[in-house]
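Only one structure is covered here, and it is reproduced in the block below.
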Amino acid sequence: MNDNYHLLLTCTRGFEAIVQKEAESLGCSNCEIIGGGVRVYANMTSVMRLCLWSRTVNKVMLELASAYIHKEDDFYNLGHTLPLSPWFTAQTTFCIHAHVNDERFKNPVILSLKLKDGLVDLMRDKWGCRASVDTRRPDIELNLQVIQKKARVFLELQGEPLNMRGYRRRQNLAPIRETLAASMIALSGWTPDMAFTDPMCGSGTFAIEAALLATNTAPGIQRHFAFEKLPFFSAELKAEWGKMRDEAKECAKIGRKRFEGVIYASDIDPAALDIAANNAKTAGIDAFVRFECRDVLELKPTGGHIMMNPPYGERIRVSGYDLPEFYYQLGRQLRTFPGACLTIISTPELLKKNLHMKPDMRVSTFNGPITCEVARYALGSRG
């Protein structure tokens, strides 16, 4: 399994360049940015390293096949030509998710069924039997993408998306995805020798992701991945994987001894702080985060980096203010922080019309289904 495979690394839209840089550092080659992801080549060692160490990737998907599609029956033919070895056995269960951006095909379910029929008929032809479909807890998840007349079939190697680190047992309304938080930290330019403050911490995701980075803790160290139960996961790969995990645990142990900084997280809601503190404890980095109950508009001037995910008005609001007034007061407060840097995510309208600061960088993105903007500001001047 030392061959290089064609992978698609999906990510939060707008952060593809950050993912490309991270993928190269983890052993991937021939990285090509596309909308919402990066295409790379990598062997199984790099795949395992990606799943364990990537902070910004959502999914690690291996391309099994691709073809230009003209009619629905072509999906059956595509399924009938998928490589069975070393990915499938008659005992492995599987399911197929379809994502379609092609005006000729309106029903993704029909396309996934056609692909499934071709695949199971291939299994019968080769083995005399077929694997079972399991839509709840499959061994293998296939991802069918149809974009502009071309269909691609991917094998998802990560299982649950990589943002599911395992530490967020409880969460508040509208939590930010862990991989988006890590991408924003990378965009901000923060390094562990600088102060870090999240004054609207909610579930604590920014602070926890910063602490994981500062202590060199692998974000995937607490969880398992789909590739671990697939047929190709040989005894040799299992041994390599065990060694890789042991090395990651040692890196975290050393990193936690060396990190001397403090990461600050506050929120006006005591219940939110309780959730955040428990999440930090589950992540094993609670010793490095200082939690305080405080109104963001009473935040004292601080240096370093400030990271924020304030309300947008979709699911939660700010008590005592309508949102435009809150953003005005927030901008008025933060402009007095000389030498600090703010990285914030919100809707473009709220940032542009009410914060009254000029960003030195902005990225258009999504937080869930909401169109957002991540903006970075050098504080201390009106701009």
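Note on naming: chains are A, B, ... as they come in the structure tokens, residues start from 1 per chain, ligands start from 1 in the order shown.
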Which polymer residues have any atom within 10 Å of an atom of Glu22 in chain A, counting only C-alpha atoms, with same-chain residues fewer than 6 positions away left out, as an MDAnalysis selection string?
-> chainID A and resid 16 28 50 53:57 186
Using DSSP on the backbone coordinates, identify all residues within range 238-373 of chain A classified as helix (DSSP H, G or I); present the result as a VMD selection string.
-> chain A and resid 238 to 258 270 to 283 286 to 288 296 to 298 323 to 334 348 to 354
Emit the selected residues as a tab-separated table (two decimals), in the first residue's frame, including C-alpha atoms.
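Written output follows (selection17.tsv):
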chain	number	residue	atom	x	y	z
A	238	LYS	CA	-1.76	-1.42	11.71
A	239	ALA	CA	1.75	-1.53	13.15
A	240	GLU	CA	2.67	1.72	11.42
A	241	TRP	CA	-0.55	3.32	12.64
A	242	GLY	CA	0.09	2.22	16.23
A	243	LYS	CA	3.56	3.72	16.09
A	244	MET	CA	2.20	6.96	14.62
A	245	ARG	CA	-0.37	7.30	17.39
A	246	ASP	CA	2.24	6.59	20.07
A	247	GLU	CA	4.50	9.27	18.61
A	248	ALA	CA	1.59	11.74	18.57
A	249	LYS	CA	0.88	11.06	22.25
A	250	GLU	CA	4.54	11.69	23.05
A	251	CYS	CA	4.48	14.94	21.05
A	252	ALA	CA	1.49	16.12	23.11
A	253	LYS	CA	3.19	15.17	26.36
A	254	ILE	CA	6.28	17.17	25.44
A	255	GLY	CA	4.23	20.06	24.05
A	256	ARG	CA	2.19	20.40	27.22
A	257	LYS	CA	5.35	20.59	29.30
A	258	ARG	CA	6.89	23.24	27.07
A	270	PRO	CA	-22.20	31.02	33.05
A	271	ALA	CA	-23.85	27.96	31.51
A	272	ALA	CA	-21.80	28.41	28.34
A	273	LEU	CA	-18.62	28.67	30.40
A	274	ASP	CA	-19.48	25.43	32.18
A	275	ILE	CA	-19.87	23.68	28.83
A	276	ALA	CA	-16.62	25.18	27.50
A	277	ALA	CA	-14.66	24.21	30.61
A	278	ASN	CA	-15.93	20.63	30.39
A	279	ASN	CA	-15.01	20.44	26.72
A	280	ALA	CA	-11.51	21.73	27.50
A	281	LYS	CA	-11.15	19.08	30.19
A	282	THR	CA	-12.27	16.36	27.79
A	283	ALA	CA	-9.66	17.60	25.30
A	286	ASP	CA	-7.95	22.64	30.54
A	287	ALA	CA	-4.71	23.58	32.34
A	288	PHE	CA	-3.89	25.98	29.51
A	296	VAL	CA	-17.40	41.29	25.88
A	297	LEU	CA	-18.18	45.02	25.98
A	298	GLU	CA	-16.33	45.21	29.29
A	323	LEU	CA	-27.45	43.41	16.35
A	324	PRO	CA	-26.40	46.58	14.44
A	325	GLU	CA	-26.05	48.49	17.72
A	326	PHE	CA	-24.13	45.63	19.32
A	327	TYR	CA	-21.64	45.51	16.44
A	328	TYR	CA	-21.23	49.29	16.60
A	329	GLN	CA	-20.48	49.11	20.33
A	330	LEU	CA	-18.15	46.16	19.76
A	331	GLY	CA	-16.15	48.04	17.13
A	332	ARG	CA	-16.03	51.12	19.32
A	333	GLN	CA	-14.64	49.02	22.17
A	334	LEU	CA	-12.05	47.08	20.16
A	348	PRO	CA	-20.67	40.67	5.50
A	349	GLU	CA	-23.43	43.21	6.13
A	350	LEU	CA	-22.91	43.37	9.89
A	351	LEU	CA	-19.14	43.65	9.55
A	352	LYS	CA	-19.12	46.26	6.80
A	353	LYS	CA	-21.97	48.47	7.98
A	354	ASN	CA	-21.64	48.37	11.76
Excluding range 220-223 of chain A and any residue of its chain fewer than 5 positions from it, enumerate the residues within 7 Å of it, using only C-alpha atoms, and give them as a PDB file with C-alpha atoms, in the first residue's frame.
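And here is the file that came out, selection-v8.pdb:
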ATOM      1  CA  CYS A  51      -6.525  11.915   9.568  1.00  0.00           C
ATOM      2  CA  LEU A  52      -4.519  12.163  12.785  1.00  0.00           C
ATOM      3  CA  TRP A  53      -2.893  15.574  12.378  1.00  0.00           C
ATOM      4  CA  ARG A 165     -12.495  15.679  17.347  1.00  0.00           C
ATOM      5  CA  GLY A 166     -14.258  13.937  20.217  1.00  0.00           C
TER       6      GLY A 166
END
Excluding same-chain residues fewer than 3 positions from Arg290 in chain A, what lies within 10 Å of it counting only C-alpha atoms, as an MDAnalysis selection string?
-> chainID A and resid 197 207 262:266 277 286:287
From a DSSP calculation on the backbone, collect every residue of range 210-299 of chain A in strand (DSSP E) and output the set as a PyMOL selection string.
-> chain A and resi 263-267+289-293
Ile110 in chain A: which residues within 12 Å, counting only C-alpha atoms, same-chain residues fewer than 2 positions away excluded, as a VMD selection string?
-> chain A and resid 71 to 73 75 to 76 96 to 100 105 to 108 112 to 117 144
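Proximity ranking of A:His80, A:Lys59, A:His6, A:His224 relative to Val120 in chain A places A:His80 first, based on only C-alpha atoms.
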